[in-house]
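> My structure is below; once you've seen it, I'll send some questions.
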Amino acid sequence: MAEAADFQGTSASPARRWLRRTGVLLAGAPLLAGLLQLSASPSADAAERTAVAEATGSKTVDVSLNSLSPSVPTDGDTLTVSGRITNKGKQSVTDAQVGLRVGPTMNGRSSIDTAAKNNPDAGAEVGGSYVQDFAQLTPNVPQSFSISVPVDELDLGADGVYQLGVTLTGETEAQPYERILGIERTFLPWQPETAETKTRTTYLWPLISTPHVTVETGSNEQQTPVFKDDDLAAELAPGGRLQQLLTLGKELDVTWVIDPDLLASVDAMTRSYEVQEDAVATRPGTQQAVAKQWLAELEKAVQGKEVVALPFADPDLASLAHKGTKVAGSLGHLKDATEVSAITVESILHVTPSTEYAWPTNGAIDASIVKVATSAGADTVISRSDSLEETGGLSYTPSAARPIGGGTTAVVADARLSTAFQGDMAVAGNSTLAVQEFLAQTLMITLQQPGKQRSIVVAPQRMPSASQAQTMAQALTALQSGNWSQSADLSAATEAKPDPGATTRVPSAYPSSLRKQELPLATFERIEETQRKLNKFREILTDESRVVTPFGLALNRAMSTSWRGHEAEEVLYRYGVDAYINELTSQVSLIEKSEAKLSGRSATIPITVQNNLVQGVDHLVLRLKSEQPSRLSIGDRAYSEQRVEVSGGHSQSVKFTANGRANGRYAVTAQLYTEDGQPYGDSITFDVSVTEITPTVMLVIAGGVLLLVLAGFRMYTQRKRTVARQADRRLDDGAEDDAEDGREEAFHSESGAASEEESGLALPVESRADDPEQPSDPSPDTAPESTDPSGTGERVDR
């Protein structure tokens with residue numbers, strides 16, 4: 001930058017510039033003839049332009065346009081062009097100068113395409129002092145420039161699209177004469193007066209994201225949603241993609257196209273939610289405030305605007321048509337996604353959306369896609385002009401609406417305009433060129449048939465980046481302030497009168513590049529397998545909505561268009577859904593059982609059913625079956641069944657009567673079933689050992705029991721008599737000389753009896769009164785009395 005020469009608006013002396021230009025003419029007059037003689041034949045012009053580019057090395061210096069303001073100039077404006085220049089050569093460039101050149105008007109949309117790709121002639125240089133000089137350009141050192149010129153000095157004539165070139169001229173040591181070393185070309189739409197008939201332009205503004213919510217929920221009554229990552233929060237945060245789309249879109253006249261899954265996901269974020277950290281762990285989500293603010297702003301932005309709701313999670317219609325129809329039940333998911341769509345938008349944004357539109361990927365259609373797209377209730381398909389191509393030789397761009405048969409309308413978006421902002425718009429040069437080319441194409445559409453009213457539709461990429469959204473908004477702002485276009489809703493474009501000569505034939509071929517991105521057949525097969533598991537599981541639940549709703553939405557997400565180009569992520573998501581239904585199903589199971597013993601002809605066998613779910617289960621039948629019913633029956637048959645009902649977080653034992661007919665070990669199987677007879681979960685098998693009991697054994701056992709009863713009765717009566725004798729002795733014997741003996745006897749009697757009673761081994765008192773060493777001797781009938789005074793009213797019963 002220290003080597004930069006004069007500031008903007010300065011130039012070399014007239015004499016020096018005359019000498020330099022004379023040198024250029026003398027050195028390369030034949031090569032420059034193509035730039036000065038615009039009336040030459042097209043073939044001669046092209047040959048001369050190629051020669052000029054090769055001889056002058058017009059790619060030595062890279063010229064980038066970072067801004068052009070205003071994008072749509074009018075009388076009295078000053079055009080300012082800013083950018084950067086970078087010497088890509090190996091030698092320094094000296095006496096460099098940046099200037100503007102205005103070329104001829106374009107004569108059609110195809111000529112704009114050609115000019116954008118092939119860089120035609122630079123045009124005539126704008127005279128005067130509207131240049132910027134640089135003394136030297138060092139290799140690979142970028143420098144900035146900015147040139148301002150009154151629009152009146154551009155010598156623009158009739159309305160149209162003009163080429164605008166920014167050139168850098170200079171010298172090198174090897175070629176010390178002035179020549180064009182760098183050039184960048186763009187377009188300048190010129191329509192200072194209001195067009196006779198403005199073109200109605202509908203711009204779709206998509207709010208679509210990838211699936212973020214998993215099928216899992218927290219293990220609680222609130223069913224806390226679990227997000228697979230925190231990417232959605234980043235998109236909603238200031239500067240994020242979705243935040244930019246909302247902030248920019250609310251200032252524009254656009255038709256909002258919304259995926260209800262995005263609304264449902266953001267709405268879930270406004271409350272308690274969790275975020276997966278790895279395969280097993282989650283952490284609490286913390287972006288509730290960001291989600292609430294985004295939803296509040298969106299609700300305000302769409303009031304009074306047209307809102308189109310796609311089927312929930314934006315299912316891939318082409319994949320469904322080409323692969324999903326081979327799997328029974330796949331189209332049912334599309335119908336469900338369409339039905340829940342309007343309900344979701346209305347409940348969150350409080351507006352009534354249109355659900356009559358289907359939008360296949362890139363607007364590419366064939367007969368099968370149209371059939372699938374309309375099967376769920378849509379009667380309008382958003383296509384694109386590179387799919388429904390014109391074959392009738394029209395000299396102008398027809399209106400978007402086309403009847404394609406069967407009461408279906410195709411709204412054909414303009415392919416050039418719809419793909420205008422798909423590049424890297426973070427690069428200022430790319431953004432500036434995209435805006436100018438977009439404006440040029442829209443003006444050319446109007447100029448094709450100035451007096452004919454037409455309606456065109458622009459359907460951009462489904463998920464524009466933040467920089468792409470900014471460029472789109474810049475172009476739309478300029479277009480809506482221009483004199484040749486007026487905004488219109490999608491419904492107005494759909495109802496516009498079709499051009500009689502426009503093609504209405506649905507193509508039979510589908511682009512191979514898009515077919516390669518489709519979801520595979522295995523995706524739809526696995527989805528239906530998961531659906532079958534869900535159907536079985538829901539039958540046993542007391543509140544099936546807690547499972548059916550999140551799984552239904554998750555299966556819609558598994559068919560999302562956003563999975564195109566992200567096969568690995570799609571597989572992970574789909575397998576996660578299937579794994580979770582397996583996990584939930586396994587929470588209702590039979591507890592493994594060890595061997596059971598049947599001692600006798602009949603016994604009860606308990607089987608335990610465990611329910612680890614939050615909610616209760618019902619409509620289950622438990623069947624216990626003997627593998628050898630002739631030897632061991634359940635009840636009086638080979639098997640027996642009982643209905644099972646278990647509360648959430650509990651287990652229940654179900655008892656069956658088993659009858660043994662022969663000694664031995666026999667296998668028994670327990671299995672849960674749904675009420676329609678379908679097996680549920682894994683069965684358990686265990687052995688029942690049958691041992692028959694003989695009459696002799698029963699007599700021995702009975703005799704032993706009788707002896708125990710008699711012995712206990714005898715001990716009771718003896719103790720009772722002993723207590724009575726002791727009481728009589730205390731009343732009759734009051735002599736003092738026997739007091740000590742009485743106390744001692746009472747002490748031994750009571751302490752010994754107490755300890756023996758506690759141990760269960762107490763003997764009759766009589767056997768211990770006189771001779772403890774001879775327990776077999778006869779016991780005395782009486783015992784010494786105690787002289788201790790008894791308490792008033794105290795009595796101990798034994």
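Chain lettering (A, B, ...) mirrors the order of the structure tokens, residue numbering begins at 1 for each chain separately, and ligand numbering begins at 1 in order of display.
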Would you kindly return, as an mmCIF file with C-alpha atoms, in the first residue's frame, each protein, DNA or RNA residue with an atom no farther than 7 Å from any atom of Thr338 in chain A, considering only C-alpha atoms and excluding same-chain residues fewer than 4 positions away?

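Okay, result-v7.cif is ready:
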```cif
data_model
loop_
_atom_site.group_PDB
_atom_site.id
_atom_site.type_symbol
_atom_site.label_atom_id
_atom_site.label_comp_id
_atom_site.auth_asym_id
_atom_site.auth_seq_id
_atom_site.Cartn_x
_atom_site.Cartn_y
_atom_site.Cartn_z
ATOM 1 C CA PRO A 311 -44.931 -31.540 4.895
ATOM 2 C CA PHE A 312 -43.364 -32.079 8.320
ATOM 3 C CA LEU A 334 -46.071 -38.527 3.691
ATOM 4 C CA ALA A 376 -51.034 -36.485 0.173
#
```
> Report, in Å to a single decimal, how far apart CA of Pro606 in chain A and CA of Ala667 in chain A are.
15.0 Å
> Using DSSP on the backbone, list every residue of range 104-145 of chain A that comes out as alpha helix (DSSP H), and give them as a list in words.
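Everything in range 104-145 of chain A that counts as alpha helix (DSSP H) is Arg109, Ser110, Ser111, Ile112, Asp113, Thr114, Ala115, Ala116, Lys117 and Asn118 of chain A.
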> I'd like the contact shell of Val257 in chain A - 7 Å cut-off, only C-alpha atoms, skipping same-chain residues fewer than 6 positions apart - returned as a short mmCIF file (atom, residue, chain, number, x, y, z; two decimals) with N, CA and C atoms, in the first residue's frame.

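What follows is the written file part-v6.cif:
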```cif
data_model
loop_
_atom_site.label_atom_id
_atom_site.label_comp_id
_atom_site.auth_asym_id
_atom_site.auth_seq_id
_atom_site.Cartn_x
_atom_site.Cartn_y
_atom_site.Cartn_z
N LEU A 204 -39.47 -17.04 -3.18
CA LEU A 204 -39.67 -17.93 -2.04
C LEU A 204 -38.53 -17.75 -1.04
N TRP A 205 -38.91 -17.60 0.23
CA TRP A 205 -37.91 -17.37 1.29
C TRP A 205 -37.96 -18.56 2.24
N PRO A 206 -37.03 -19.51 2.08
CA PRO A 206 -37.14 -20.77 2.83
C PRO A 206 -36.57 -20.71 4.23
N LEU A 207 -37.33 -21.23 5.17
CA LEU A 207 -36.85 -21.46 6.54
C LEU A 207 -36.88 -22.97 6.77
N VAL A 307 -47.70 -17.67 3.89
CA VAL A 307 -46.86 -18.70 4.47
C VAL A 307 -47.22 -20.04 3.85
N VAL A 308 -46.23 -20.71 3.29
CA VAL A 308 -46.41 -22.05 2.73
C VAL A 308 -45.75 -23.04 3.68
N ALA A 309 -46.52 -24.03 4.12
CA ALA A 309 -45.99 -25.07 5.01
C ALA A 309 -45.72 -26.33 4.21
#
```
> Separation of CA of Ala658 in chain A and CA of Gln610 in chain A, in Å?
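These atoms are spaced 22.2 Å apart.
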> Give me the residues of range 410-500 of chain A that have any atom at most 12 Å from an atom of range 556-570 of chain A; for each, the nearest atom pair and the distance in Å, rounded to one decimal. Use only C-alpha atoms, sort by chain and number, and format it as a tab-separated table.

```
residue	atom	partner	partner_atom	distance
A:Gln461	CA	A:Ser562	CA	11.3
A:Arg462	CA	A:Ser562	CA	8.6
A:Met463	CA	A:Ser562	CA	8.7
```
> Kindly save the residues from that selection, with N, CA and C atoms included, as a compact mmCIF listing (two decimals), in the first residue's frame.

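Everything below was put into selection.txt:
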```txt
# COMPACT_ATOMS: atom_id res chain seq x y z
N GLN A 461 -32.08 -22.13 -3.34
CA GLN A 461 -31.69 -23.34 -2.62
C GLN A 461 -32.43 -23.42 -1.29
N ARG A 462 -32.68 -24.64 -0.84
CA ARG A 462 -33.50 -24.85 0.34
C ARG A 462 -32.90 -24.25 1.61
N MET A 463 -31.60 -24.37 1.78
CA MET A 463 -30.96 -23.90 3.01
C MET A 463 -29.82 -22.95 2.68
```
> For Ala281 in chain A, which residue out of A:Lys228, A:Arg384, A:His212, A:Lys59 is the nearest one, using only C-alpha atoms?
A:Lys228
> Choose the residue, out of A:Val72, A:Val63, A:Ile208, A:Ala724, that has the smallest atom-to-atom separation from Thr167 in chain A; count only C-alpha atoms.
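Smallest separation from Thr167 in chain A among the options: A:Val63.
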> Do you know which residues are at most 10 Å from Pro70 in chain A counting only C-alpha atoms, after dropping those on the same chain fewer than 6 positions away, and could you put them as a PyMOL selection string?
chain A and resi 77-81+188+478
> For those residues, write C-alpha atoms to a file as an mmCIF file, in the first residue's frame.

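So out-v4.cif came out as:
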```
data_model
loop_
_atom_site.group_PDB
_atom_site.id
_atom_site.type_symbol
_atom_site.label_atom_id
_atom_site.label_comp_id
_atom_site.auth_asym_id
_atom_site.auth_seq_id
_atom_site.Cartn_x
_atom_site.Cartn_y
_atom_site.Cartn_z
ATOM 1 C CA ASP A 77 -26.947 9.065 -9.462
ATOM 2 C CA THR A 78 -23.226 8.632 -8.952
ATOM 3 C CA LEU A 79 -21.952 5.130 -9.601
ATOM 4 C CA THR A 80 -19.265 3.946 -7.198
ATOM 5 C CA VAL A 81 -17.241 0.841 -7.979
ATOM 6 C CA LEU A 188 -25.446 -2.575 -15.310
ATOM 7 C CA ALA A 478 -32.558 -3.503 -5.384
#
```
> What lies within 7 Å of range 235-243 of chain A using only C-alpha atoms, ignoring chain neighbours under 6 positions off, as a list in words?
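Final neighbour list, sorted by chain and number: Val290, Ala291, Trp294, Ser465 and Ala466 of chain A.
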> Quick one: residues within 10 Å of range 616-624 of chain A, only C-alpha atoms counted, chain neighbours fewer than 6 positions away excluded, as a PyMOL selection string?
chain A and resi 537-544+588+590+605+607-609+633-635+638-650+654-658+668-680+683-685
> Can you pull out every residue within 7 Å of Val275 in chain A, counting only C-alpha atoms, but drop anything in the same chain fewer than 2 positions away, and send it as a PyMOL selection string?
chain A and resi 226-230+273+277+282-285
> Print the selection's residues with N, CA and C atoms to a file, as a short mmCIF file (atom, residue, chain, number, x, y, z; two decimals), in the first residue's frame.

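File part_1.cif, as written:
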```cif
data_model
loop_
_atom_site.label_atom_id
_atom_site.label_comp_id
_atom_site.auth_asym_id
_atom_site.auth_seq_id
_atom_site.Cartn_x
_atom_site.Cartn_y
_atom_site.Cartn_z
N VAL A 226 -34.66 -34.57 23.47
CA VAL A 226 -33.21 -34.69 23.41
C VAL A 226 -32.75 -34.30 22.00
N PHE A 227 -31.85 -33.32 21.90
CA PHE A 227 -31.31 -32.86 20.63
C PHE A 227 -30.00 -33.59 20.36
N LYS A 228 -29.76 -33.92 19.10
CA LYS A 228 -28.55 -34.66 18.76
C LYS A 228 -27.30 -33.78 18.83
N ASP A 229 -27.47 -32.46 18.78
CA ASP A 229 -26.33 -31.54 18.89
C ASP A 229 -26.87 -30.16 19.20
N ASP A 230 -25.97 -29.19 19.27
CA ASP A 230 -26.36 -27.80 19.57
C ASP A 230 -26.30 -26.93 18.32
N TYR A 273 -34.85 -28.90 27.77
CA TYR A 273 -34.41 -29.88 26.78
C TYR A 273 -33.00 -30.34 27.11
N GLU A 277 -24.24 -35.60 24.44
CA GLU A 277 -22.80 -35.38 24.46
C GLU A 277 -22.06 -36.53 23.83
N THR A 282 -26.11 -37.13 28.24
CA THR A 282 -26.72 -35.88 27.78
C THR A 282 -26.45 -34.80 28.81
N ARG A 283 -26.64 -33.57 28.38
CA ARG A 283 -26.49 -32.43 29.28
C ARG A 283 -27.68 -31.49 29.07
N PRO A 284 -28.01 -30.68 30.05
CA PRO A 284 -29.15 -29.77 29.91
C PRO A 284 -28.88 -28.72 28.84
N GLY A 285 -29.88 -28.43 28.02
CA GLY A 285 -29.78 -27.35 27.04
C GLY A 285 -29.94 -26.00 27.71
#
```
> Report, in Å to a single decimal, how far apart CA of Gln480 in chain A and CA of Arg84 in chain A are.
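Computing the Euclidean distance for CA of Arg84 in chain A and CA of Gln480 in chain A yields 28.9 Å.
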> Closest to Ser272 in chain A among A:Leu534, A:Ala289, A:Leu252, A:Ala373, using only C-alpha atoms?
A:Ala289
> From the set A:Thr325, A:Gln288, A:Gln448, A:Thr361, which residue has the shortest atom-to-atom contact distance to Pro520 in chain A, counting only C-alpha atoms?
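For Pro520 in chain A, the nearest of the candidates is A:Thr325.
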> Using DSSP on the backbone, list every residue of range 408-546 of chain A that comes out as strand (DSSP E), and give them as a short mmCIF file (atom, residue, chain, number, x, y, z; two decimals) with C-alpha atoms, in the first residue's frame.

```cif
data_model
loop_
_atom_site.label_atom_id
_atom_site.label_comp_id
_atom_site.auth_asym_id
_atom_site.auth_seq_id
_atom_site.Cartn_x
_atom_site.Cartn_y
_atom_site.Cartn_z
CA THR A 409 -50.63 -27.15 -11.61
CA ALA A 410 -46.88 -26.86 -11.96
CA VAL A 411 -45.37 -23.58 -10.84
CA VAL A 412 -42.17 -23.44 -12.87
CA ALA A 413 -39.50 -21.37 -11.13
CA SER A 455 -45.50 -13.79 -13.46
CA ILE A 456 -42.17 -15.40 -12.62
CA VAL A 457 -41.15 -17.38 -9.53
CA VAL A 458 -37.75 -17.66 -7.90
CA SER A 485 -40.64 -5.57 -11.28
CA GLN A 486 -43.33 -5.79 -8.63
CA SER A 487 -43.65 -8.31 -5.83
#
```
> Pick the closest to Ala313 in chain A from A:Ser209, A:Thr286, A:Thr355, A:Gln470: which is it, counting only C-alpha atoms?
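Among the listed residues, A:Ser209 lies closest to Ala313 in chain A.
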